[in-house]
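Below is protein.txt, holding compact mmCIF, C-alpha atoms.
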# COMPACT_ATOMS: atom_id res chain seq x y z
CA MET A 673 9.95 4.63 -24.45
CA SER A 674 8.64 3.96 -20.97
CA PRO A 675 10.26 0.92 -19.35
CA LEU A 676 6.79 -0.56 -18.98
CA ALA A 677 6.52 -0.75 -22.76
CA LEU A 678 9.06 -3.58 -22.59
CA PHE A 679 6.30 -5.93 -21.50
CA GLY A 680 4.28 -5.01 -24.57
CA LYS A 681 7.30 -5.80 -26.72
CA LEU A 682 7.68 -9.16 -24.99
CA ALA A 683 4.02 -9.93 -25.69
CA ASP A 684 4.51 -8.83 -29.36
CA LEU A 685 7.41 -11.21 -29.66
CA LEU A 686 5.61 -14.19 -28.13
CA VAL A 687 2.22 -13.72 -29.76
CA TYR A 688 3.15 -12.54 -33.27
CA ASP A 689 6.60 -14.03 -33.80
CA VAL A 690 6.73 -17.23 -31.76
CA LEU A 691 3.07 -18.30 -31.99
CA LYS A 692 2.64 -16.63 -35.40
CA LEU A 693 -0.86 -15.33 -34.63
CA GLN A 694 -2.41 -12.75 -36.92
CA PRO A 695 -2.45 -9.27 -35.28
CA GLY A 696 -5.98 -7.96 -34.84
CA THR A 697 -7.71 -11.30 -34.37
CA LYS A 698 -9.67 -11.87 -31.15
CA LEU A 699 -7.40 -14.64 -29.91
CA ALA A 700 -4.24 -12.65 -30.60
CA ASP A 701 -5.67 -9.58 -28.86
CA ALA A 702 -6.71 -11.53 -25.79
CA LEU A 703 -3.46 -13.46 -25.57
CA HIS A 704 -1.39 -10.32 -26.04
CA PHE A 705 -3.28 -8.60 -23.20
CA PHE A 706 -2.80 -11.66 -20.97
CA ILE A 707 0.94 -12.02 -21.53
CA GLU A 708 1.68 -8.32 -21.29
CA ASP A 709 -0.29 -7.87 -18.06
CA THR A 710 0.76 -10.99 -16.18
CA THR A 711 4.48 -10.46 -16.82
CA LYS A 712 4.19 -6.77 -15.98
CA ILE A 713 2.23 -7.40 -12.79
CA PHE A 714 4.52 -10.10 -11.43
CA VAL A 715 7.75 -8.24 -12.11
CA LEU A 716 6.38 -5.02 -10.65
CA LEU A 717 4.84 -6.73 -7.65
CA VAL A 718 8.04 -8.49 -6.68
CA VAL A 719 10.30 -5.49 -7.17
CA MET A 720 8.01 -2.85 -5.73
CA ILE A 721 6.69 -4.77 -2.74
CA TYR A 722 10.23 -5.64 -1.76
CA VAL A 723 11.44 -2.05 -2.09
CA ILE A 724 8.43 -0.59 -0.29
CA ALA A 725 8.73 -3.14 2.52
CA LEU A 726 12.45 -2.39 2.86
CA LEU A 727 11.73 1.32 3.27
CA ARG A 728 8.91 1.03 5.72
CA ALA A 729 10.07 -1.98 7.73
CA SER A 730 10.73 0.10 10.80
CA LEU A 731 7.38 1.89 10.69
CA ARG A 732 5.46 0.02 13.36
CA VAL A 733 1.89 0.62 14.43
CA GLU A 734 3.12 1.28 17.98
CA LYS A 735 5.18 4.23 16.75
CA VAL A 736 2.24 5.55 14.77
CA ARG A 737 0.07 5.39 17.86
CA ASP A 738 2.62 7.23 19.99
CA PHE A 739 2.79 9.89 17.31
CA LEU A 740 -0.98 10.29 17.00
CA VAL A 741 -1.65 10.59 20.73
CA GLY A 742 -2.76 14.08 21.65
CA LYS A 743 -2.86 15.47 18.09
CA ARG A 744 -5.49 18.09 17.38
CA ARG A 745 -8.59 16.80 15.60
CA ALA A 746 -8.29 18.21 12.09
CA LEU A 747 -4.59 17.38 11.86
CA GLY A 748 -5.29 14.03 13.52
CA TYR A 749 -7.67 12.89 10.77
CA ALA A 750 -5.20 13.77 8.03
CA LEU A 751 -2.31 12.08 9.87
CA GLY A 752 -4.44 9.06 10.77
CA SER A 753 -5.41 8.62 7.15
CA GLY A 754 -1.85 9.25 5.92
CA PHE A 755 -0.37 6.68 8.26
CA GLY A 756 -3.17 4.28 7.35
CA ALA A 757 -1.98 4.56 3.77
CA ILE A 758 1.73 3.95 4.42
CA THR A 759 1.95 1.70 7.50
CA PRO A 760 2.43 -2.00 6.76
CA PHE A 761 -0.57 -3.52 8.41
CA CYS A 762 -2.59 -6.69 8.02
CA SER A 763 -6.33 -6.26 8.26
CA CYS A 764 -6.45 -9.29 10.56
CA SER A 765 -4.90 -6.96 13.16
CA SER A 766 -7.74 -4.43 12.93
CA ILE A 767 -9.12 -5.33 16.35
CA PRO A 768 -5.91 -5.10 18.41
CA LEU A 769 -4.99 -1.94 16.50
CA PHE A 770 -8.35 -0.37 17.21
CA LEU A 771 -8.02 -1.21 20.89
CA GLY A 772 -4.41 -0.09 21.05
CA PHE A 773 -5.32 3.32 19.61
CA THR A 774 -8.45 3.61 21.71
CA SER A 775 -6.80 2.64 25.00
CA ALA A 776 -4.18 5.32 24.34
CA GLY A 777 -7.00 7.90 24.23
CA ILE A 778 -6.96 8.52 20.47
CA PRO A 779 -10.45 9.61 19.31
CA VAL A 780 -12.51 7.02 17.43
CA GLY A 781 -12.63 9.26 14.34
CA ILE A 782 -8.84 9.39 14.03
CA THR A 783 -8.56 5.63 14.58
CA MET A 784 -11.21 5.06 11.92
CA ALA A 785 -9.47 7.45 9.50
CA PHE A 786 -6.51 5.05 9.80
CA LEU A 787 -8.62 1.89 9.50
CA LEU A 788 -10.70 3.11 6.55
CA THR A 789 -7.72 4.32 4.54
CA SER A 790 -5.48 1.36 5.30
CA PRO A 791 -7.21 -1.26 3.10
CA LEU A 792 -8.11 1.30 0.40
CA ILE A 793 -4.55 2.42 -0.17
CA ASN A 794 -2.49 -0.74 0.04
CA GLU A 795 0.68 -1.41 -1.87
CA VAL A 796 -0.77 -4.14 -4.08
CA ALA A 797 -3.76 -2.11 -5.25
CA VAL A 798 -1.67 1.00 -5.82
CA MET A 799 1.02 -0.90 -7.71
CA LEU A 800 -1.55 -2.54 -9.95
CA LEU A 801 -3.34 0.71 -10.65
CA LEU A 802 -0.07 2.41 -11.41
CA SER A 803 1.10 -0.24 -13.82
CA LEU A 804 -2.22 -0.90 -15.55
CA LEU A 805 -4.17 2.34 -15.40
CA GLY A 806 -1.40 4.94 -15.28
CA TRP A 807 -0.36 7.53 -12.74
CA GLN A 808 -3.27 9.92 -13.30
CA PHE A 809 -5.89 7.39 -12.27
CA THR A 810 -3.68 6.19 -9.41
CA LEU A 811 -3.18 9.69 -8.06
CA LEU A 812 -6.90 10.34 -8.29
CA TYR A 813 -7.57 7.08 -6.47
CA VAL A 814 -5.11 7.85 -3.66
CA VAL A 815 -6.35 11.42 -3.16
CA VAL A 816 -10.00 10.40 -3.17
CA GLY A 817 -9.26 7.40 -0.93
CA MET A 818 -7.57 9.57 1.68
CA GLY A 819 -10.42 12.04 1.40
CA VAL A 820 -12.92 9.29 2.19
CA GLY A 821 -10.84 8.25 5.22
CA ILE A 822 -10.44 11.79 6.56
CA LEU A 823 -14.06 12.86 6.06
CA GLY A 824 -15.35 9.49 7.30
CA GLY A 825 -13.31 9.82 10.48
CA ALA A 826 -14.39 13.42 11.05
CA LEU A 827 -18.03 12.50 10.51
CA LEU A 828 -17.85 9.62 12.99
CA ASP A 829 -16.55 11.94 15.69
CA MET A 830 -19.20 14.48 14.79
CA ILE A 831 -21.98 11.96 15.47
CA ARG A 832 -20.09 10.89 18.64
CA ALA A 833 -19.50 7.36 17.47
CA GLU A 834 -17.75 6.46 20.73
CA ARG A 835 -21.23 6.06 22.26
CA TRP A 836 -21.62 2.90 20.24
CA LEU A 837 -18.42 1.13 21.12
CA GLN A 838 -18.59 -2.12 23.03
CA PRO A 839 -18.62 -1.27 26.76
CA PHE A 840 -15.08 -2.48 27.50
CA ALA A 841 -13.64 -0.46 24.61
CA ALA A 842 -15.58 2.64 25.64
CA LYS A 843 -14.26 2.20 29.18
CA ALA A 844 -10.67 1.92 27.96
CA LEU A 845 -11.10 5.17 26.02
CA GLN A 846 -12.53 7.00 29.02
CA GLN A 847 -9.82 5.71 31.32
CA ALA A 848 -7.08 6.84 28.97
CA ARG A 849 -8.62 10.31 28.79
CA ALA A 850 -9.02 10.54 32.55
CA GLN A 851 -5.54 9.31 33.49
CA PRO A 852 -2.65 10.36 31.32
CA GLN A 853 -0.44 8.12 33.49
CA ALA A 854 -2.17 4.94 32.48
CA GLN A 855 -1.66 6.11 28.93
CA ALA A 856 2.08 6.46 29.45
CA GLN A 857 2.17 2.92 30.73
CA THR A 858 0.58 1.35 27.67
CA LEU A 859 2.91 3.37 25.51
CA GLN A 860 5.93 1.85 27.21
CA LEU A 861 4.71 -1.66 26.55
CA GLY A 862 4.76 -0.94 22.85
CA GLU A 863 8.31 0.34 22.95
CA THR A 864 9.82 -3.03 23.79
CA THR A 865 9.30 -4.00 20.17
CA ALA A 866 10.55 -0.79 18.59
CA GLN A 867 14.32 -1.02 18.40
CA ARG A 868 16.38 0.29 15.51
CA MET A 869 16.49 -2.08 12.57
CA THR A 870 19.60 -3.25 10.80
CA TRP A 871 19.61 -3.68 7.03
CA SER A 872 19.64 -7.43 7.33
CA GLN A 873 16.52 -7.28 9.51
CA ARG A 874 14.94 -5.00 6.93
CA HIS A 875 15.84 -7.42 4.18
CA SER A 876 14.37 -10.33 6.10
CA PHE A 877 11.15 -8.37 6.74
CA ALA A 878 10.89 -7.36 3.09
CA LYS A 879 11.54 -10.90 1.87
CA ASP A 880 8.85 -12.34 4.17
CA GLU A 881 6.42 -9.64 3.13
CA THR A 882 7.01 -10.15 -0.59
CA LEU A 883 6.63 -13.92 -0.36
CA ASP A 884 3.55 -13.60 1.80
CA ILE A 885 1.81 -11.22 -0.58
CA LEU A 886 2.86 -13.12 -3.68
CA LEU A 887 1.54 -16.42 -2.32
CA ARG A 888 -1.71 -14.72 -1.45
CA VAL A 889 -2.33 -12.98 -4.77
CA TRP A 890 -0.71 -14.99 -7.58
CA LYS A 891 -3.80 -16.94 -8.54
CA TRP A 892 -5.93 -13.81 -8.58
CA VAL A 893 -3.50 -12.20 -10.99
CA PHE A 894 -4.08 -15.03 -13.44
CA ILE A 895 -7.84 -15.10 -12.94
CA GLY A 896 -8.19 -11.32 -13.13
CA VAL A 897 -5.97 -10.88 -16.14
CA GLY A 898 -7.68 -13.86 -17.77
CA LEU A 899 -11.09 -12.22 -17.38
CA GLY A 900 -9.70 -8.88 -18.47
CA ALA A 901 -8.15 -10.49 -21.52
CA GLY A 902 -11.43 -12.20 -22.39
CA LEU A 903 -13.30 -8.91 -22.14
CA HIS A 904 -10.60 -7.19 -24.11
CA GLY A 905 -10.61 -9.68 -26.94
CA TYR A 906 -14.25 -10.70 -27.12
CA VAL A 907 -16.54 -7.89 -25.97
CA PRO A 908 -17.24 -5.69 -29.00
CA ASP A 909 -15.70 -2.25 -28.69
CA GLY A 910 -18.82 -0.11 -28.71
CA TRP A 911 -20.96 -2.37 -26.51
CA LEU A 912 -19.99 -1.15 -23.09
CA GLU A 913 -19.91 2.47 -24.13
CA ASN A 914 -23.37 2.24 -25.68
CA ASN A 915 -24.85 0.55 -22.64
CA LEU A 916 -23.05 2.04 -19.65
CA GLY A 917 -20.91 4.76 -21.18
CA SER A 918 -23.13 7.74 -20.46
CA GLY A 919 -22.87 7.08 -16.72
CA GLN A 920 -26.58 6.63 -15.93
CA TRP A 921 -27.07 7.45 -12.23
CA TRP A 922 -27.96 3.89 -11.18
CA THR A 923 -24.81 2.39 -12.66
CA VAL A 924 -22.73 3.87 -9.82
CA PRO A 925 -24.58 2.36 -6.83
CA ALA A 926 -24.86 -0.86 -8.84
CA ALA A 927 -21.09 -0.89 -9.34
CA VAL A 928 -20.52 -0.24 -5.62
CA LEU A 929 -22.84 -3.10 -4.62
CA MET A 930 -21.21 -5.42 -7.14
CA GLY A 931 -17.84 -4.60 -5.66
CA ILE A 932 -18.68 -5.79 -2.13
CA PRO A 933 -18.68 -9.56 -2.70
CA LEU A 934 -15.48 -9.21 -4.73
CA TYR A 935 -13.60 -8.05 -1.65
CA SER A 936 -9.98 -9.04 -1.12
CA ASN A 937 -9.67 -9.92 -4.77
CA ALA A 938 -8.49 -6.49 -5.76
CA THR A 939 -5.64 -8.17 -7.56
CA GLY A 940 -8.14 -10.00 -9.69
CA VAL A 941 -10.46 -7.08 -10.21
CA ILE A 942 -8.03 -4.36 -11.23
CA PRO A 943 -7.03 -6.02 -14.54
CA VAL A 944 -10.76 -6.35 -15.31
CA ILE A 945 -11.16 -2.68 -14.47
CA GLU A 946 -8.38 -1.82 -16.89
CA SER A 947 -10.26 -3.61 -19.60
CA LEU A 948 -13.56 -1.93 -18.70
CA LEU A 949 -12.00 1.52 -18.67
CA LEU A 950 -10.44 0.87 -22.08
CA LYS A 951 -13.86 -0.19 -23.35
CA GLY A 952 -15.36 3.14 -22.31
CA LEU A 953 -16.72 2.72 -18.77
CA PRO A 954 -16.84 6.24 -17.25
CA VAL A 955 -14.09 7.11 -14.75
CA GLY A 956 -16.52 7.83 -11.88
CA THR A 957 -18.21 4.45 -12.17
CA THR A 958 -14.82 2.75 -12.46
CA LEU A 959 -13.44 4.54 -9.41
CA ALA A 960 -16.51 3.66 -7.33
CA PHE A 961 -16.32 0.01 -8.33
CA CYS A 962 -12.61 -0.13 -7.64
CA MET A 963 -12.89 1.38 -4.16
CA SER A 964 -15.80 -0.77 -3.14
CA THR A 965 -13.92 -3.90 -4.21
CA VAL A 966 -10.75 -3.00 -2.40
CA ALA A 967 -12.16 -1.56 0.82
CA ALA A 968 -15.52 -3.06 1.65
CA SER A 969 -14.64 -6.50 2.86
CA PHE A 970 -17.60 -8.03 4.63
CA PRO A 971 -15.88 -10.72 6.72
CA GLU A 972 -13.29 -8.27 7.96
CA PHE A 973 -16.01 -5.83 8.76
CA ILE A 974 -17.92 -8.32 10.86
CA LEU A 975 -14.77 -8.80 12.97
CA LEU A 976 -15.11 -5.20 14.14
CA LYS A 977 -18.25 -6.33 15.95
CA GLN A 978 -15.94 -7.32 18.80
CA VAL A 979 -15.26 -3.67 19.54
CA MET A 980 -18.32 -1.92 18.05
CA GLN A 981 -22.04 -2.25 18.55
CA TRP A 982 -24.16 -3.14 15.52
CA ARG A 983 -25.35 0.40 15.21
CA LEU A 984 -21.85 1.77 14.71
CA LEU A 985 -20.86 -1.09 12.45
CA ALA A 986 -23.86 -0.47 10.19
CA THR A 987 -23.17 3.28 10.24
CA VAL A 988 -19.57 2.81 9.13
CA PHE A 989 -20.53 0.39 6.39
CA GLY A 990 -23.33 2.65 5.15
CA LEU A 991 -20.98 5.61 5.25
CA LEU A 992 -18.43 3.82 3.07
CA LEU A 993 -20.99 2.74 0.47
CA LEU A 994 -22.44 6.24 0.38
CA ALA A 995 -18.98 7.78 0.03
CA PHE A 996 -18.04 5.53 -2.90
CA THR A 997 -21.36 6.24 -4.62
CA LEU A 998 -20.91 9.99 -4.20
CA VAL A 999 -17.37 9.73 -5.57
CA GLY A 1000 -18.72 7.94 -8.62
CA TRP A 1001 -21.49 10.44 -9.22
CA ILE A 1002 -19.26 13.44 -8.78
CA PHE A 1003 -16.63 12.24 -11.24
CA ASN A 1004 -19.26 11.19 -13.75
CA ALA A 1005 -21.02 14.54 -13.44
CA LEU A 1006 -17.75 16.35 -14.02
CA ASN A 1007 -17.47 14.18 -17.10
CA PHE A 1008 -13.97 13.43 -15.91
CA SER A 1009 -11.69 11.74 -18.36
CA LEU A 1010 -8.07 10.77 -18.10
CA MET B 891 6.97 -26.20 31.88
CA LYS B 892 6.52 -23.04 29.85
CA ALA B 893 3.05 -21.66 29.22
CA ILE B 894 2.90 -20.07 25.80
CA LYS B 895 0.01 -18.01 24.47
CA VAL B 896 -0.42 -17.15 20.81
CA LEU B 897 -2.53 -14.02 20.52
CA GLY B 898 -4.52 -13.45 17.36
CA SER B 899 -7.95 -13.54 15.84
CA GLY B 900 -7.58 -17.04 14.43
CA CYS B 901 -6.06 -16.03 11.12
CA THR B 902 -3.82 -18.47 9.26
CA LYS B 903 -0.69 -16.71 10.47
CA CYS B 904 -1.70 -17.29 14.08
CA ASN B 905 -2.30 -20.99 13.48
CA LYS B 906 1.03 -21.30 11.73
CA THR B 907 2.74 -19.59 14.64
CA ALA B 908 1.21 -21.97 17.18
CA ASP B 909 2.03 -24.98 15.03
CA SER B 910 5.64 -24.04 14.51
CA ILE B 911 6.16 -23.40 18.23
CA LYS B 912 4.73 -26.84 19.07
CA HIS B 913 6.83 -28.43 16.37
CA ILE B 914 10.11 -26.86 17.47
CA ALA B 915 9.42 -27.60 21.15
CA GLU B 916 8.94 -31.25 20.26
CA GLU B 917 12.23 -31.28 18.36
CA LEU B 918 14.08 -29.72 21.26
CA GLY B 919 12.31 -31.90 23.78
CA VAL B 920 11.00 -28.93 25.73
CA GLU B 921 7.70 -29.39 27.49
CA ILE B 922 5.28 -26.57 26.79
CA LEU B 923 1.62 -25.76 26.89
CA VAL B 924 0.49 -23.77 23.86
CA GLU B 925 -2.76 -21.91 24.02
CA LYS B 926 -4.44 -19.79 21.35
CA GLU B 927 -6.00 -16.63 22.66
CA SER B 928 -8.41 -14.61 20.55
CA ASP B 929 -10.03 -12.45 23.21
CA PRO B 930 -9.47 -8.80 22.23
CA GLN B 931 -9.44 -7.75 25.89
CA VAL B 932 -6.47 -10.02 26.57
CA MET B 933 -4.62 -8.57 23.59
CA MET B 934 -5.34 -5.10 24.90
CA SER B 935 -4.03 -6.00 28.35
CA PHE B 936 -0.67 -7.00 26.84
CA GLY B 937 -0.61 -3.86 24.71
CA VAL B 938 -0.51 -5.93 21.53
CA MET B 939 -1.41 -4.00 18.38
CA SER B 940 -0.51 -6.39 15.63
CA THR B 941 -0.98 -10.13 15.56
CA PRO B 942 0.14 -12.88 15.76
CA ALA B 943 1.78 -12.10 19.07
CA VAL B 944 3.52 -14.49 21.44
CA VAL B 945 3.42 -14.44 25.24
CA VAL B 946 5.80 -16.72 27.15
CA ASP B 947 5.05 -17.17 30.86
CA ASP B 948 2.93 -14.01 30.89
CA LYS B 949 5.57 -11.89 29.20
CA LEU B 950 5.10 -10.47 25.71
CA VAL B 951 8.04 -11.51 23.54
CA HIS B 952 6.89 -10.93 19.97
CA SER B 953 4.21 -9.29 17.86
CA GLY B 954 3.23 -8.64 14.29
CA SER B 955 4.47 -11.63 12.32
CA ILE B 956 5.12 -15.36 12.26
CA PRO B 957 8.24 -15.62 14.44
CA HIS B 958 11.46 -16.96 12.96
CA ARG B 959 12.87 -20.27 14.05
CA VAL B 960 15.87 -18.73 15.88
CA ASP B 961 13.55 -16.60 17.98
CA ILE B 962 11.34 -19.52 18.93
CA GLU B 963 14.39 -21.58 19.89
CA ALA B 964 15.67 -18.74 22.05
CA TRP B 965 12.36 -18.48 23.94
CA LEU B 966 12.20 -22.20 24.52
CA LYS B 967 15.78 -22.49 25.72
CA SER B 968 15.80 -19.49 28.03
Output the file's structure in the form of structure tokens.
Amino acid sequence: MSPLALFGKLADLLVYDVLKLQPGTKLADALHFFIEDTTKIFVLLVVMIYVIALLRASLRVEKVRDFLVGKRRALGYALGSGFGAITPFCSCSSIPLFLGFTSAGIPVGITMAFLLTSPLINEVAVMLLLSLLGWQFTLLYVVVGMGVGILGGALLDMIRAERWLQPFAAKALQQARAQPQAQAQTLQLGETTAQRMTWSQRHSFAKDETLDILLRVWKWVFIGVGLGAGLHGYVPDGWLENNLGSGQWWTVPAAVLMGIPLYSNATGVIPVIESLLLKGLPVGTTLAFCMSTVAASFPEFILLKQVMQWRLLATVFGLLLLAFTLVGWIFNALNFSL
Amino acid sequence: MKAIKVLGSGCTKCNKTADSIKHIAEELGVEILVEKESDPQVMMSFGVMSTPAVVVDDKLVHSGSIPHRVDIEAWLKS
């Protein structure tokens, strides 16, 4: 028995034994789904976020930058995307991070590989996917997400995106390329904050991080699981499959567009996605919807206006939407099932 | 009097940082001037890559999180 099955047993106990509901009724189904998922999500979130934060506490963006400086392009995109996935990083720091990378002479494409992957593969989304949708879907999500970051970054360099930076950012990039000395100077500034961490510092970082995330997401867990439970209990089993199950081409872009306004509520959306997938929504459509919800956050995007001209901003946004749509179509066409 | 800048794009963490610095300074009776700075060029000039960051008398002392009380007290007393 997988340890995760414990939460199902707990829900069995509460719904069938304590509340004495009849198995198979709509209310019992919905309630069972709700109890199983909320308990599972909260326990996993607390344990896993704490452990992950403990491990990566000493991984600071300054170190990542120092490591990425001067890397060859192809390797740079992969590393940029990889670090984007594992570095603890709040999207409210996108601007200073962008400038920090840029003023160290790191190409825009590598910086964007980091920034595109970072929100897509974050610990909350990955944990939820892992606990609710299983490791196959999660692995698929992570691989495809990194692929989007790497190819997106490469493409932006190919079209010479640095032309469309705001003038001061473009100047910083040129200066760093022209004078390796100036580069060394900015690198030193970052080092003041990068001392070795003790375990008690790690613990304090991990505790802050766990509390911070939990306070931010707890209500979305309830809302999302509530909606998922409603769908689970009350939408007839064949309905979704009959209407959307064959993966008509337009369902994918529609799912991507629907995902945009749901930004930052990944915690709330993933339990709904679980329910949709169980009801027969194709994997491609599900993946596209999931990525668009997690990554395409409009308000955060607009912030990038401070360092990018509209043209570049629109290009990046268009690129993301196109990438998610393609992902959806490809997996639907392959008739991919888990 | 110490001049303190809180660098950040106006997110809640930055506001909390500024508030708690003001609060602790009041408790300790230290006179300070707290200023919030959201200009990306200023952040770049200090080499700050994650916010909120704190600058005391033009020297970067902290970045990347809401500072702990002990740290704030140390900056104010030094």
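Between CA of Leu703 (chain A) and CA of Ala901 (chain A) the interatomic distance comes to 6.9 Å.
Counting all atoms listed in the file, the residue from B:Glu916, B:Lys903, B:Val945, B:Ile911 that sits nearest to chain A is B:Lys903.
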Set out as CSV a contact list for chain A and chain B with a cut-off of 8 Å, giving each residue of chain A that qualifies its closest atom pair and distance in Å to one decimal, counting all atoms listed in the file, ordered by chain and rising residue number.
residue,atom,partner,partner_atom,distance
A:Val733,CA,B:Met939,CA,6.9
A:Glu734,CA,B:Met939,CA,7.0
A:Phe761,CA,B:Ser940,CA,7.8
A:Cys762,CA,B:Ser940,CA,7.9
A:Cys764,CA,B:Cys901,CA,6.8
A:Ser765,CA,B:Ser940,CA,5.1
A:Ser766,CA,B:Ser940,CA,8.0
A:Ile767,CA,B:Pro930,CA,6.8
A:Pro768,CA,B:Met939,CA,4.6
A:Leu769,CA,B:Met939,CA,4.5
A:Phe770,CA,B:Met939,CA,7.9
A:Leu771,CA,B:Met934,CA,6.2
A:Gly772,CA,B:Met939,CA,5.6
A:Ser775,CA,B:Met934,CA,7.9
A:Phe840,CA,B:Gln931,CA,7.9
A:Thr858,CA,B:Gly937,CA,6.1
A:Leu861,CA,B:Gly937,CA,6.0
A:Gly862,CA,B:Gly937,CA,6.4
A:Thr865,CA,B:His952,CA,7.3
A:Gln978,CA,B:Pro930,CA,7.5
Keeping C-alpha atoms, export the residues of the selection given above as a PDB file, in the frame of the given file.
ATOM      1  CA  VAL A 733       1.890   0.620  14.430  1.00  0.00           C
ATOM      2  CA  GLU A 734       3.120   1.280  17.980  1.00  0.00           C
ATOM      3  CA  PHE A 761      -0.570  -3.520   8.410  1.00  0.00           C
ATOM      4  CA  CYS A 762      -2.590  -6.690   8.020  1.00  0.00           C
ATOM      5  CA  CYS A 764      -6.450  -9.290  10.560  1.00  0.00           C
ATOM      6  CA  SER A 765      -4.900  -6.960  13.160  1.00  0.00           C
ATOM      7  CA  SER A 766      -7.740  -4.430  12.930  1.00  0.00           C
ATOM      8  CA  ILE A 767      -9.120  -5.330  16.350  1.00  0.00           C
ATOM      9  CA  PRO A 768      -5.910  -5.100  18.410  1.00  0.00           C
ATOM     10  CA  LEU A 769      -4.990  -1.940  16.500  1.00  0.00           C
ATOM     11  CA  PHE A 770      -8.350  -0.370  17.210  1.00  0.00           C
ATOM     12  CA  LEU A 771      -8.020  -1.210  20.890  1.00  0.00           C
ATOM     13  CA  GLY A 772      -4.410  -0.090  21.050  1.00  0.00           C
ATOM     14  CA  SER A 775      -6.800   2.640  25.000  1.00  0.00           C
ATOM     15  CA  PHE A 840     -15.080  -2.480  27.500  1.00  0.00           C
ATOM     16  CA  THR A 858       0.580   1.350  27.670  1.00  0.00           C
ATOM     17  CA  LEU A 861       4.710  -1.660  26.550  1.00  0.00           C
ATOM     18  CA  GLY A 862       4.760  -0.940  22.850  1.00  0.00           C
ATOM     19  CA  THR A 865       9.300  -4.000  20.170  1.00  0.00           C
ATOM     20  CA  GLN A 978     -15.940  -7.320  18.800  1.00  0.00           C
TER      21      GLN A 978
END
Q: Go through A:Leu751, A:Ala702, A:Leu691, A:Met980 and flag the residue nearest Gly900 (chain A), using only C-alpha atoms for the distances.
A: A:Ala702
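Put simply, CA of Arg874 (chain A) is 27.4 Å away from CA of Val966 (chain A).
Distances to Ala964 (chain B) were evaluated for B:Leu923, B:Val896, B:Lys906, B:Val946 using all atoms listed in the file, and the minimum falls at B:Val946.
Neighbouring residues of His913 (chain B) at 12 Å or closer, counting only C-alpha atoms and skipping chain neighbours under 3 positions away, are Lys906, Thr907, Ala908, Asp909, Ser910, Glu916, Glu917, Leu918, Gly919, Val920, Glu921, Ile922, Val924, Arg959, Ile962, Glu963 and Leu966 of chain B.
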Write the residues you've just listed into a file as a tab-separated table (two decimals), keeping the file's coordinate frame, and include C-alpha atoms for each of them.
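After the write, part.tsv holds the following:
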chain	number	residue	atom	x	y	z
B	906	LYS	CA	1.03	-21.30	11.73
B	907	THR	CA	2.74	-19.59	14.64
B	908	ALA	CA	1.21	-21.97	17.18
B	909	ASP	CA	2.03	-24.98	15.03
B	910	SER	CA	5.64	-24.04	14.51
B	916	GLU	CA	8.94	-31.25	20.26
B	917	GLU	CA	12.23	-31.28	18.36
B	918	LEU	CA	14.08	-29.72	21.26
B	919	GLY	CA	12.31	-31.90	23.78
B	920	VAL	CA	11.00	-28.93	25.73
B	921	GLU	CA	7.70	-29.39	27.49
B	922	ILE	CA	5.28	-26.57	26.79
B	924	VAL	CA	0.49	-23.77	23.86
B	959	ARG	CA	12.87	-20.27	14.05
B	962	ILE	CA	11.34	-19.52	18.93
B	963	GLU	CA	14.39	-21.58	19.89
B	966	LEU	CA	12.20	-22.20	24.52
Q. Could you state the separation of CA of Val796 (chain A) and CA of Thr939 (chain A) in Å, given to one decimal place?
A. 7.2 Å
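Counting all atoms listed in the file and comparing A:Gly952, A:Gly824, A:Gly898, A:Pro908, the residue that lies closest to Leu993 (chain A) is A:Gly824.
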